[in-house]
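K.L.:
Have a look at this one before I ask anything.
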Amino acid sequence: MLIPVAVLVALVALSVFGDRPLPRADLTYINSSEVNTLDPQRMSWMHDLRTARLLFEGLVKNDVLSDGFDIVPGVAESWELSEDARTYTFHLRDDAKWTNGADVTAQDFVFSWRRALLPDLVSDYVTMFLNIDGAQEFYDWRQEQLDGFTDREFASNDAKRVAAYELWEETKALFDSMVGLKAIDDHTLVVTLERPVPYFLELCAFTVFSPVYEPLVAQYERPDPVTARLIRRPGWTKGGVLISNGPFELTGWRFKRDMRMTKSPHYWDRDSIAIRTVSIPSISDPNAGVLAYQTGSIDWIANVTSPYRGDMVAQKLAYLDEHKDRVAELEALGYDQFSITRMLPEDPRALTHAVSSFGTYFYNFNCKQRLPDGRDNPFADPRVRRAFAMCIDKPGIAREIRRLGEPSASTLIPPGSIGGYTSPKGLPNIGDAADEDERQAIITRAKALLEEAGFPEDFVVELAFNKDAGHDLIGQAIAKSWQKSLGVQTSLSQKEIKIFREDLKNKQYMTARAGWFGDYGDPTTFLDISHSKDGNNDRAYNNPVFDDLLFQASNELDPAKRMAILSEAERIIMEEDLPLVPIFHYATIYMFDAHKITGLSTHPRTKQNAFLIDVLGDGIGDDLPRPMNQNQIQAETTP
Amino acid sequence: MMTMILRRLAALPVILLVIYTITLTLAWAVPGNPLENPEKRPKPEVIEQMKKQYNLDSFPRFYVSYLSSVTGFEYAKDWVSGDLGRDQQAALDAGFPTAPRPIFDLGPSLEYDDWTVNEIVGSALPVSITLGSAAILIALVLGVGAGVIGAVKPNSTSDLFTLTIAMIGISLPSFVIGTALLLVFAVLIPMFPVGGWGGPMKAILPAVTLSLPFAAYIARLTRMGMIEALGADYIRTARAKGASENAVLYKHALKNAFLPVLSFLGPAAAMAMTGSFVIEQVFTIPGMGQHFVNGVQNKDLFLIMGVVLIFATMLILFNLVVDVLYRWVDPRIA
């Protein structure tokens, strides 16, 4: 009996002792969950995109530390736009290198963008690439060929395989001739768009447009001999295998354990990078993350989701309140919130930071004429939707339930997040009323709207939400608002997330919670979801006037006029039609010591380029604060 | 003995097939779409593409194709027909260097694009086996020790004490014990790291947490067995022939008292070594347990099937090992 036990002891000891931890990295940060993929063309999760920005670099990038979120050179050192605003010519820098030392060439971009445009590889963001001239035709053609391939008869398996490979060769040739994407030479990339896309550079700054290394990736993709579709084998995104072109190279990725990166010796702008190693442990339990921070093993939590984060934010506000004179003074000088915290005394409460996000929490109204159960849908009438929208105590929800310092929302697009765009005013809201009289006036107006629309008496309004993350509390608050002000009966329906999303897509609901985060710096990233033909229009909202405004905007070359048209489009959905009611604009909660970590952005677009981080006082990099609005550096006295 | 082992091994595929069928039917019936992502929704066409690619549009097709790839049947078929070699050669000729195909292919993970289920199980299973073995060892030492102490003087203070501890060990959920241990031994007294995996220090707290319910159960089983054994005739005989008390306890009584513990160890080991969702969450351990829960939550069909099949296989094999040991310890059972 003792022998098996002894063997077991030895094995356990061997396994435990054999697995030595790595030394601490210069920067250790955690995402809220495990990275889903590091393949730029396939990613869509925010933490994937954030991680990939450390490894990959696109033609251009956003200067996340500038107030305007300016487009600055990346792999492309300069670019020109043609007279008709349809053709971009990018000049790639000579010193842009892959982590193996090879040059980044224009051909790499052609290869990578072609990957995104293949229906075989099912890129979530394929729509963005369809702006390129001929891209839609190419996509459709390939799709047709693939669909046809399965129905074709072949003499033998070998003949089928040959045909699959031939189709692939044909596809590549067709792409080169059909799609407006050309590598003129190693360092010149010409992109012709189907129509002018004023935010095309913003798209190019989006991680999905980053290049991948063809000699590596092509080894993992080949046409399936049975279906002819390109099959993708995972493997090339692993540590020590991945070849990327950004500031860092991936040295290790252990699933659900950690990811390690080291500074790339070949990155063209390597001198600006102030961290040598990055470690991203995988800690999915929200409380474990905060505990790990408190014991000093983490420098930055990129998304605190622990249930008590509301208290953390409240304590931070109390801390700021204790220093309110100094805060006001610094705010007047134009300092961002991280810099302000840095210039205040150190305090454990100061470690929490609520940062405004490029996203909005809202409630959907089903706009179809009939409800799922076949009854007439009162919410098909915009007057009803308007009345209900006015009678939600939005500031109350943000203040009492969310408790994260989030602003209540009267528009879908977070105001101030997109340069040159003026948000519409939105509807009046009972929560914003200055006094009781004004509140009553809004309620009276809403009731009048309901009467006009003939809102049926004894109608029970159903609110649907998914069961986690406190959506139930928000649902209850909305139900209470409606009951109190409009006297309407409500019922709450809580669902499991996958079912909930399926119901939304099939319009099997009356009103339902939702949220949306913008992908790029243009109003269309939010407005497109209300287009009658959009795949994300869960509301079945259909207003030809709105669709037409979006169409007009897409053909408008003058940026100011275009923004005005889009603003009018948002006004229609936010003041007249209300297919959705915005409740509040999201905030993300960070945890880091502003006295130690610098280089994070407070811009409402919430995109962090973690390679800009400098750990102050670690002797690596210049160890100077990196505030928003770089001009401030000179004015600031060293702390 | 040999025929028993062979018979049991022969039954293994049948049992697994039944489990496969039931699990797949249930997992398939879970509403919701595995390809949906809570942050961004792919276009409907994109979802259609993926469904086609993975046979997710037809249950019978999925049932057969997945079964044949999991069992290695597909590999064997392609190998026998020569397709495997021809395929590799043709790919090479066309300029696609390819890696060898796994024989038993558990499929891709729908949630984690960059990993196959083989890789996920390959990285998580060793962690869980190590942690589980450590926990079972701790449970054996604690449980048998406490059980013997209790049985020597039934209903004494020490017996009541160990019984109470065992009761608490069984009743308290591991997220309470784990969090309490973390707070005391990692945050208040920083003896151990807060979580993660790698190195002995990180393994101690989770192994102890995982072991406690097993230890408690083993203690009760040992105590009962020992009390029964100590009243048996052969113990009186042993004492009468002048055997020392230690020899009576550990050589004669414990050997018999251990039998129920042994039969408990089979399923216990399989449970401990396939991971615990709660402990992995609390201590941030990259083990198997989380994949049972997350797999279902994400409706990651391949992952669900992969981990369930691995778990079932381990459970059956461990029970077999226990039965073999049983016969070896107690030759009366044959």
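Naming scheme: A, B, ... for chains in displayed order of the structure tokens; residues 1 onward per chain; ligands 1 onward as shown.
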Distance cut-off 6 Å, counting only C-alpha atoms - which residues of chain A neighbour chain B? Return them as an mmCIF file with C-alpha atoms, in the first residue's frame.
P.N.:
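File written: selection_19.cif
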data_model
loop_
_atom_site.group_PDB
_atom_site.id
_atom_site.type_symbol
_atom_site.label_atom_id
_atom_site.label_comp_id
_atom_site.auth_asym_id
_atom_site.auth_seq_id
_atom_site.Cartn_x
_atom_site.Cartn_y
_atom_site.Cartn_z
ATOM 1 C CA VAL A 12 3.319 15.428 -7.202
ATOM 2 C CA VAL A 16 5.015 21.036 -8.397
ATOM 3 C CA PHE A 17 8.708 21.796 -8.073
ATOM 4 C CA ASP A 19 7.031 24.371 -12.523
ATOM 5 C CA ARG A 20 9.014 27.412 -11.471
ATOM 6 C CA PRO A 21 7.389 30.835 -11.641
ATOM 7 C CA ASN A 36 -9.899 34.737 -27.027
ATOM 8 C CA THR A 37 -7.606 35.133 -30.006
ATOM 9 C CA VAL A 122 -15.271 34.455 -40.872
ATOM 10 C CA ASP A 124 -16.345 39.557 -37.351
ATOM 11 C CA GLN A 219 1.687 27.603 -42.964
ATOM 12 C CA PRO A 234 -4.532 27.461 -34.447
ATOM 13 C CA LYS A 256 -5.757 30.495 -18.749
ATOM 14 C CA ARG A 257 -2.466 31.066 -17.000
ATOM 15 C CA ILE A 283 -7.228 36.060 -13.349
ATOM 16 C CA ASP A 285 -12.301 35.971 -10.636
ATOM 17 C CA ALA A 292 -3.662 40.157 -6.190
ATOM 18 C CA LYS A 498 -27.197 33.137 -24.540
ATOM 19 C CA ILE A 499 -30.972 32.800 -24.564
ATOM 20 C CA GLU A 502 -31.013 34.834 -29.129
ATOM 21 C CA GLY A 535 -27.516 42.936 -38.535
#
K.L.:
Residues near Gly58 in chain A, anyone? I mean within 8 Å using only C-alpha atoms, not counting same-chain ones fewer than 5 positions away, as JSON, numbers by chain.
P.N.:
{"A": [74, 75, 204, 205, 206, 207, 209, 210, 211]}
K.L.:
Quick one: residues within 8 Å of Tyr335 in chain A, only C-alpha atoms, excluding same-chain residues fewer than 3 positions away - as a ChimeraX atom specification?
P.N.:
/A:330-332,339-340,627-628,632
K.L.:
Residues at most 10 Å from Met271 in chain B, counting only C-alpha atoms, excluding those fewer than 6 positions away in the same chain, as an NGL selection string?
P.N.:
:B and (128-129 or 132 or 265 or 289 or 311 or 314-315)
K.L.:
Please write the residues from the selection above to a file, keeping C-alpha atoms, as a PDB file, in the first residue's frame.
P.N.:
ATOM      1  CA  SER B 128      -5.597  19.276 -12.128  1.00  0.00           C
ATOM      2  CA  ILE B 129      -3.997  15.865 -11.751  1.00  0.00           C
ATOM      3  CA  GLY B 132      -5.886  16.497  -7.177  1.00  0.00           C
ATOM      4  CA  LEU B 265     -10.894   6.701  -3.308  1.00  0.00           C
ATOM      5  CA  GLY B 289     -12.854  22.384 -13.520  1.00  0.00           C
ATOM      6  CA  PHE B 311     -13.782  12.916 -17.032  1.00  0.00           C
ATOM      7  CA  MET B 314     -10.886   8.839 -15.836  1.00  0.00           C
ATOM      8  CA  LEU B 315     -13.804   7.915 -13.602  1.00  0.00           C
TER       9      LEU B 315
END
K.L.:
When you count only C-alpha atoms, which of these residues is closest to Arg222 in chain A: A:Arg115, A:Tyr139, A:Asp311, A:Trp268?
P.N.:
A:Arg115
K.L.:
Could you list, as a list of chain:residue names, every residue within 12 Å of Arg562 in chain A, counting only C-alpha atoms and ignoring same-chain residues fewer than 4 positions away?
P.N.:
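Final neighbour list, sorted by chain and number: A:Pro196, A:Val197, A:Pro198, A:Tyr199, A:Gly420, A:Tyr421, A:Thr422, A:Asp522, A:Pro523, A:Thr524, A:Leu549, A:Leu550, A:Phe551, A:Gln552, A:Ala553, A:Ser554, A:Asn555, A:Glu556, A:Leu557, A:Asp558, A:Leu566, A:Ser567, A:Glu568, A:Ala569.
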K.L.:
How would the residues just picked look written out with N, CA and C atoms as a PDB file, in the first residue's frame?
P.N.:
ATOM      1  N   PRO A 196     -15.929  57.554 -51.042  1.00  0.00           N
ATOM      2  CA  PRO A 196     -15.126  58.204 -50.003  1.00  0.00           C
ATOM      3  C   PRO A 196     -15.576  57.747 -48.616  1.00  0.00           C
ATOM      4  N   VAL A 197     -14.625  57.384 -47.785  1.00  0.00           N
ATOM      5  CA  VAL A 197     -14.927  57.001 -46.402  1.00  0.00           C
ATOM      6  C   VAL A 197     -14.117  57.929 -45.501  1.00  0.00           C
ATOM      7  N   PRO A 198     -14.753  58.979 -44.976  1.00  0.00           N
ATOM      8  CA  PRO A 198     -13.998  60.008 -44.251  1.00  0.00           C
ATOM      9  C   PRO A 198     -13.260  59.456 -43.039  1.00  0.00           C
ATOM     10  N   TYR A 199     -13.721  58.344 -42.504  1.00  0.00           N
ATOM     11  CA  TYR A 199     -13.071  57.808 -41.308  1.00  0.00           C
ATOM     12  C   TYR A 199     -12.186  56.618 -41.646  1.00  0.00           C
ATOM     13  N   GLY A 420     -15.311  67.048 -33.571  1.00  0.00           N
ATOM     14  CA  GLY A 420     -16.058  67.667 -34.658  1.00  0.00           C
ATOM     15  C   GLY A 420     -17.520  67.286 -34.703  1.00  0.00           C
ATOM     16  N   TYR A 421     -17.964  66.457 -33.765  1.00  0.00           N
ATOM     17  CA  TYR A 421     -19.357  66.010 -33.787  1.00  0.00           C
ATOM     18  C   TYR A 421     -20.128  66.676 -32.648  1.00  0.00           C
ATOM     19  N   THR A 422     -21.290  67.255 -32.987  1.00  0.00           N
ATOM     20  CA  THR A 422     -22.121  67.868 -31.962  1.00  0.00           C
ATOM     21  C   THR A 422     -23.298  66.951 -31.666  1.00  0.00           C
ATOM     22  N   ASP A 522     -16.021  57.492 -35.317  1.00  0.00           N
ATOM     23  CA  ASP A 522     -16.973  58.137 -36.205  1.00  0.00           C
ATOM     24  C   ASP A 522     -18.374  57.808 -35.704  1.00  0.00           C
ATOM     25  N   PRO A 523     -19.311  58.771 -35.829  1.00  0.00           N
ATOM     26  CA  PRO A 523     -20.661  58.507 -35.311  1.00  0.00           C
ATOM     27  C   PRO A 523     -21.306  57.261 -35.905  1.00  0.00           C
ATOM     28  N   THR A 524     -20.926  56.884 -37.125  1.00  0.00           N
ATOM     29  CA  THR A 524     -21.573  55.720 -37.736  1.00  0.00           C
ATOM     30  C   THR A 524     -21.362  54.446 -36.925  1.00  0.00           C
ATOM     31  N   LEU A 549     -30.601  59.592 -44.296  1.00  0.00           N
ATOM     32  CA  LEU A 549     -29.571  60.488 -43.747  1.00  0.00           C
ATOM     33  C   LEU A 549     -28.223  59.779 -43.687  1.00  0.00           C
ATOM     34  N   LEU A 550     -28.232  58.527 -43.291  1.00  0.00           N
ATOM     35  CA  LEU A 550     -26.974  57.783 -43.252  1.00  0.00           C
ATOM     36  C   LEU A 550     -26.388  57.665 -44.656  1.00  0.00           C
ATOM     37  N   PHE A 551     -27.288  57.447 -45.625  1.00  0.00           N
ATOM     38  CA  PHE A 551     -26.840  57.346 -47.015  1.00  0.00           C
ATOM     39  C   PHE A 551     -26.250  58.672 -47.493  1.00  0.00           C
ATOM     40  N   GLN A 552     -26.966  59.761 -47.195  1.00  0.00           N
ATOM     41  CA  GLN A 552     -26.457  61.091 -47.567  1.00  0.00           C
ATOM     42  C   GLN A 552     -25.081  61.328 -46.961  1.00  0.00           C
ATOM     43  N   ALA A 553     -24.949  60.980 -45.687  1.00  0.00           N
ATOM     44  CA  ALA A 553     -23.672  61.206 -45.000  1.00  0.00           C
ATOM     45  C   ALA A 553     -22.555  60.427 -45.670  1.00  0.00           C
ATOM     46  N   SER A 554     -22.884  59.216 -46.149  1.00  0.00           N
ATOM     47  CA  SER A 554     -21.830  58.410 -46.743  1.00  0.00           C
ATOM     48  C   SER A 554     -21.362  59.010 -48.070  1.00  0.00           C
ATOM     49  N   ASN A 555     -22.183  59.889 -48.655  1.00  0.00           N
ATOM     50  CA  ASN A 555     -21.765  60.500 -49.918  1.00  0.00           C
ATOM     51  C   ASN A 555     -21.284  61.937 -49.750  1.00  0.00           C
ATOM     52  N   GLU A 556     -21.287  62.421 -48.524  1.00  0.00           N
ATOM     53  CA  GLU A 556     -20.915  63.815 -48.302  1.00  0.00           C
ATOM     54  C   GLU A 556     -19.403  63.913 -48.104  1.00  0.00           C
ATOM     55  N   LEU A 557     -18.761  64.740 -48.910  1.00  0.00           N
ATOM     56  CA  LEU A 557     -17.307  64.847 -48.824  1.00  0.00           C
ATOM     57  C   LEU A 557     -16.852  65.873 -47.795  1.00  0.00           C
ATOM     58  N   ASP A 558     -17.681  66.880 -47.562  1.00  0.00           N
ATOM     59  CA  ASP A 558     -17.287  67.921 -46.625  1.00  0.00           C
ATOM     60  C   ASP A 558     -17.473  67.409 -45.189  1.00  0.00           C
ATOM     61  N   LEU A 566     -25.108  63.578 -39.752  1.00  0.00           N
ATOM     62  CA  LEU A 566     -25.144  62.477 -38.787  1.00  0.00           C
ATOM     63  C   LEU A 566     -25.773  62.922 -37.468  1.00  0.00           C
ATOM     64  N   SER A 567     -25.499  64.166 -37.104  1.00  0.00           N
ATOM     65  CA  SER A 567     -26.078  64.692 -35.876  1.00  0.00           C
ATOM     66  C   SER A 567     -27.604  64.743 -36.005  1.00  0.00           C
ATOM     67  N   GLU A 568     -28.059  65.122 -37.190  1.00  0.00           N
ATOM     68  CA  GLU A 568     -29.508  65.142 -37.429  1.00  0.00           C
ATOM     69  C   GLU A 568     -30.075  63.713 -37.355  1.00  0.00           C
ATOM     70  N   ALA A 569     -29.306  62.761 -37.881  1.00  0.00           N
ATOM     71  CA  ALA A 569     -29.765  61.368 -37.808  1.00  0.00           C
ATOM     72  C   ALA A 569     -29.892  60.933 -36.348  1.00  0.00           C
TER      73      ALA A 569
END
K.L.:
For the structure I just gave you, how does DSSP split range 226-447 of chain A - specifically, which residues are helix (DSSP H, G or I)? Reply as a short mmCIF file (atom, residue, chain, number, x, y, z; two decimals) with N, CA and C atoms, in the first residue's frame.
P.N.:
data_model
loop_
_atom_site.label_atom_id
_atom_site.label_comp_id
_atom_site.auth_asym_id
_atom_site.auth_seq_id
_atom_site.Cartn_x
_atom_site.Cartn_y
_atom_site.Cartn_z
N ARG A 270 11.41 51.80 -30.93
CA ARG A 270 11.70 51.10 -29.67
C ARG A 270 12.21 52.03 -28.58
N ASP A 271 12.83 53.15 -28.98
CA ASP A 271 13.40 54.04 -27.97
C ASP A 271 12.32 54.68 -27.09
N SER A 272 11.09 54.74 -27.61
CA SER A 272 10.05 55.38 -26.82
C SER A 272 9.41 54.41 -25.82
N PRO A 286 -13.12 38.26 -10.23
CA PRO A 286 -12.93 39.69 -9.99
C PRO A 286 -12.30 39.99 -8.63
N ASN A 287 -12.69 39.25 -7.60
CA ASN A 287 -12.14 39.53 -6.27
C ASN A 287 -10.69 39.09 -6.17
N ALA A 288 -10.37 37.97 -6.81
CA ALA A 288 -8.99 37.50 -6.80
C ALA A 288 -8.08 38.55 -7.44
N GLY A 289 -8.59 39.25 -8.46
CA GLY A 289 -7.81 40.29 -9.12
C GLY A 289 -7.47 41.42 -8.16
N VAL A 290 -8.49 41.88 -7.41
CA VAL A 290 -8.25 42.98 -6.48
C VAL A 290 -7.30 42.53 -5.37
N LEU A 291 -7.49 41.31 -4.87
CA LEU A 291 -6.58 40.77 -3.84
C LEU A 291 -5.15 40.73 -4.37
N ALA A 292 -5.00 40.25 -5.60
CA ALA A 292 -3.66 40.16 -6.19
C ALA A 292 -3.05 41.55 -6.30
N TYR A 293 -3.88 42.54 -6.63
CA TYR A 293 -3.35 43.91 -6.69
C TYR A 293 -2.87 44.34 -5.30
N GLN A 294 -3.70 44.03 -4.30
CA GLN A 294 -3.37 44.50 -2.95
C GLN A 294 -2.10 43.85 -2.40
N ARG A 309 -17.08 47.27 -6.32
CA ARG A 309 -16.36 48.37 -6.97
C ARG A 309 -17.07 49.70 -6.80
N GLY A 310 -18.40 49.65 -6.60
CA GLY A 310 -19.13 50.89 -6.35
C GLY A 310 -18.61 51.58 -5.10
N ASP A 311 -18.29 50.77 -4.06
CA ASP A 311 -17.74 51.34 -2.84
C ASP A 311 -16.35 51.90 -3.08
N MET A 312 -15.58 51.20 -3.94
CA MET A 312 -14.24 51.69 -4.24
C MET A 312 -14.33 53.07 -4.89
N VAL A 313 -15.28 53.21 -5.82
CA VAL A 313 -15.43 54.51 -6.50
C VAL A 313 -15.90 55.57 -5.51
N ALA A 314 -16.82 55.19 -4.61
CA ALA A 314 -17.31 56.15 -3.62
C ALA A 314 -16.17 56.65 -2.73
N GLN A 315 -15.27 55.71 -2.37
CA GLN A 315 -14.14 56.12 -1.54
C GLN A 315 -13.20 57.05 -2.28
N LYS A 316 -13.04 56.76 -3.58
CA LYS A 316 -12.19 57.65 -4.38
C LYS A 316 -12.79 59.05 -4.42
N LEU A 317 -14.11 59.12 -4.58
CA LEU A 317 -14.77 60.43 -4.64
C LEU A 317 -14.60 61.16 -3.31
N ALA A 318 -14.70 60.41 -2.20
CA ALA A 318 -14.50 61.03 -0.89
C ALA A 318 -13.08 61.57 -0.78
N TYR A 319 -12.15 60.80 -1.30
CA TYR A 319 -10.74 61.23 -1.28
C TYR A 319 -10.56 62.51 -2.09
N LEU A 320 -11.15 62.53 -3.28
CA LEU A 320 -11.03 63.73 -4.11
C LEU A 320 -11.69 64.93 -3.42
N ASP A 321 -12.77 64.64 -2.72
CA ASP A 321 -13.49 65.71 -2.04
C ASP A 321 -12.63 66.32 -0.92
N GLU A 322 -11.84 65.46 -0.27
CA GLU A 322 -10.95 65.97 0.78
C GLU A 322 -9.94 66.96 0.23
N LYS A 324 -10.50 68.97 -2.49
CA LYS A 324 -11.24 69.55 -3.62
C LYS A 324 -10.67 70.86 -4.13
N ASP A 325 -10.04 71.64 -3.25
CA ASP A 325 -9.46 72.91 -3.72
C ASP A 325 -8.33 72.66 -4.71
N ARG A 326 -7.45 71.76 -4.31
CA ARG A 326 -6.32 71.42 -5.18
C ARG A 326 -6.82 70.80 -6.49
N VAL A 327 -7.84 69.95 -6.39
CA VAL A 327 -8.40 69.31 -7.58
C VAL A 327 -8.93 70.37 -8.54
N ALA A 328 -9.68 71.34 -7.99
CA ALA A 328 -10.26 72.39 -8.83
C ALA A 328 -9.16 73.19 -9.52
N GLU A 329 -8.12 73.46 -8.75
CA GLU A 329 -6.99 74.22 -9.27
C GLU A 329 -6.34 73.48 -10.46
N LEU A 330 -6.11 72.19 -10.26
CA LEU A 330 -5.45 71.40 -11.29
C LEU A 330 -6.35 71.21 -12.50
N GLU A 331 -7.64 71.03 -12.24
CA GLU A 331 -8.58 70.90 -13.35
C GLU A 331 -8.56 72.16 -14.20
N ALA A 332 -8.51 73.31 -13.54
CA ALA A 332 -8.49 74.59 -14.26
C ALA A 332 -7.26 74.68 -15.14
N GLN A 337 -7.53 63.40 -15.21
CA GLN A 337 -7.81 62.85 -13.87
C GLN A 337 -6.67 62.02 -13.29
N PHE A 338 -5.92 61.32 -14.18
CA PHE A 338 -4.81 60.52 -13.65
C PHE A 338 -3.69 61.44 -13.14
N SER A 339 -3.43 62.51 -13.89
CA SER A 339 -2.38 63.43 -13.48
C SER A 339 -2.76 64.11 -12.16
N ILE A 340 -4.05 64.43 -12.05
CA ILE A 340 -4.50 65.07 -10.82
C ILE A 340 -4.26 64.15 -9.63
N THR A 341 -4.65 62.88 -9.78
CA THR A 341 -4.42 61.93 -8.69
C THR A 341 -2.94 61.82 -8.38
N ARG A 342 -2.12 61.87 -9.43
CA ARG A 342 -0.68 61.75 -9.20
C ARG A 342 -0.16 62.91 -8.36
N MET A 343 -0.77 64.09 -8.54
CA MET A 343 -0.26 65.26 -7.83
C MET A 343 -0.88 65.44 -6.46
N PRO A 348 -4.52 54.81 -0.21
CA PRO A 348 -5.06 53.57 -0.83
C PRO A 348 -6.35 53.83 -1.59
N ARG A 349 -7.11 54.85 -1.19
CA ARG A 349 -8.37 55.12 -1.89
C ARG A 349 -8.13 55.69 -3.28
N ALA A 350 -6.92 56.23 -3.50
CA ALA A 350 -6.63 56.89 -4.77
C ALA A 350 -6.33 55.89 -5.88
N LEU A 351 -6.27 54.60 -5.54
CA LEU A 351 -5.88 53.61 -6.54
C LEU A 351 -7.00 53.31 -7.55
N PRO A 378 -47.97 48.19 -28.72
CA PRO A 378 -48.10 49.64 -28.53
C PRO A 378 -46.78 50.37 -28.77
N PHE A 379 -45.65 49.66 -28.62
CA PHE A 379 -44.35 50.32 -28.80
C PHE A 379 -44.00 50.51 -30.27
N ALA A 380 -44.86 50.04 -31.16
CA ALA A 380 -44.64 50.34 -32.57
C ALA A 380 -44.86 51.83 -32.82
N PRO A 382 -44.03 55.61 -32.16
CA PRO A 382 -42.94 56.37 -31.57
C PRO A 382 -43.38 57.25 -30.39
N ARG A 383 -44.65 57.66 -30.37
CA ARG A 383 -45.10 58.51 -29.26
C ARG A 383 -45.04 57.75 -27.94
N VAL A 384 -45.41 56.47 -28.00
CA VAL A 384 -45.36 55.64 -26.79
C VAL A 384 -43.91 55.50 -26.32
N ARG A 385 -43.03 55.24 -27.30
CA ARG A 385 -41.62 55.06 -26.94
C ARG A 385 -41.06 56.33 -26.32
N ARG A 386 -41.47 57.48 -26.90
CA ARG A 386 -40.99 58.76 -26.39
C ARG A 386 -41.45 58.94 -24.94
N ALA A 387 -42.74 58.67 -24.70
CA ALA A 387 -43.29 58.85 -23.36
C ALA A 387 -42.54 57.99 -22.35
N PHE A 388 -42.32 56.71 -22.69
CA PHE A 388 -41.62 55.82 -21.76
C PHE A 388 -40.18 56.26 -21.55
N ALA A 389 -39.56 56.78 -22.63
CA ALA A 389 -38.17 57.20 -22.52
C ALA A 389 -38.01 58.36 -21.55
N MET A 390 -38.99 59.29 -21.57
CA MET A 390 -38.87 60.46 -20.71
C MET A 390 -39.02 60.09 -19.24
N LYS A 394 -33.00 58.31 -15.12
CA LYS A 394 -31.65 57.89 -15.52
C LYS A 394 -30.57 58.31 -14.52
N PRO A 395 -30.55 59.59 -14.09
CA PRO A 395 -29.49 59.95 -13.13
C PRO A 395 -29.59 59.12 -11.85
N GLY A 396 -30.82 58.80 -11.45
CA GLY A 396 -31.00 57.99 -10.25
C GLY A 396 -30.35 56.62 -10.42
N ILE A 397 -30.55 56.01 -11.59
CA ILE A 397 -29.96 54.70 -11.85
C ILE A 397 -28.43 54.78 -11.80
N ALA A 398 -27.90 55.82 -12.46
CA ALA A 398 -26.45 55.96 -12.49
C ALA A 398 -25.90 56.19 -11.08
N ARG A 399 -26.62 57.00 -10.31
CA ARG A 399 -26.12 57.40 -9.00
C ARG A 399 -26.33 56.31 -7.96
N GLU A 400 -27.56 55.76 -7.90
CA GLU A 400 -27.90 54.87 -6.80
C GLU A 400 -27.57 53.41 -7.09
N ILE A 401 -27.69 53.00 -8.35
CA ILE A 401 -27.51 51.57 -8.63
C ILE A 401 -26.12 51.27 -9.17
N ARG A 402 -25.74 51.99 -10.22
CA ARG A 402 -24.42 51.73 -10.78
C ARG A 402 -23.32 52.21 -9.84
N ILE A 430 -37.26 62.85 -16.56
CA ILE A 430 -37.74 63.18 -15.22
C ILE A 430 -36.61 63.28 -14.20
N GLY A 431 -35.54 62.52 -14.44
CA GLY A 431 -34.44 62.54 -13.48
C GLY A 431 -33.63 63.82 -13.55
N ASP A 432 -33.72 64.52 -14.67
CA ASP A 432 -32.94 65.75 -14.83
C ASP A 432 -33.72 66.99 -14.39
N GLU A 436 -39.83 69.76 -8.62
CA GLU A 436 -41.00 68.90 -8.73
C GLU A 436 -41.94 69.36 -9.85
N ASP A 437 -42.09 70.69 -10.00
CA ASP A 437 -43.00 71.22 -11.04
C ASP A 437 -42.55 70.77 -12.43
N GLU A 438 -41.25 70.91 -12.65
CA GLU A 438 -40.72 70.55 -13.96
C GLU A 438 -40.91 69.04 -14.20
N ARG A 439 -40.72 68.28 -13.14
CA ARG A 439 -40.89 66.84 -13.23
C ARG A 439 -42.33 66.49 -13.60
N GLN A 440 -43.27 67.15 -12.91
CA GLN A 440 -44.68 66.90 -13.20
C GLN A 440 -45.02 67.29 -14.63
N ALA A 441 -44.40 68.38 -15.10
CA ALA A 441 -44.66 68.84 -16.46
C ALA A 441 -44.23 67.77 -17.47
N ILE A 442 -43.07 67.16 -17.20
CA ILE A 442 -42.58 66.12 -18.11
C ILE A 442 -43.54 64.93 -18.08
N ILE A 443 -43.98 64.56 -16.88
CA ILE A 443 -44.88 63.41 -16.75
C ILE A 443 -46.20 63.70 -17.48
N THR A 444 -46.71 64.91 -17.30
CA THR A 444 -47.96 65.28 -17.97
C THR A 444 -47.80 65.15 -19.48
N ARG A 445 -46.66 65.63 -19.97
CA ARG A 445 -46.41 65.56 -21.41
C ARG A 445 -46.37 64.10 -21.88
N ALA A 446 -45.72 63.28 -21.08
CA ALA A 446 -45.62 61.86 -21.44
C ALA A 446 -46.99 61.21 -21.44
N LYS A 447 -47.79 61.53 -20.43
CA LYS A 447 -49.12 60.93 -20.35
C LYS A 447 -49.98 61.35 -21.54
#
K.L.:
For a quick check of understanding, using only C-alpha atoms, which of B:Lys77, B:Asn256, B:Tyr217, B:Phe104 has the smallest distance to Ile235 in chain B?
P.N.:
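For Ile235 in chain B, the nearest of the given residues is B:Asn256.
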K.L.:
Measuring atom to atom with only C-alpha atoms, identify which of A:Ala354, A:Met46, A:Leu404, A:Ile231 is nearest to Val217 in chain A.
P.N.:
A:Ile231
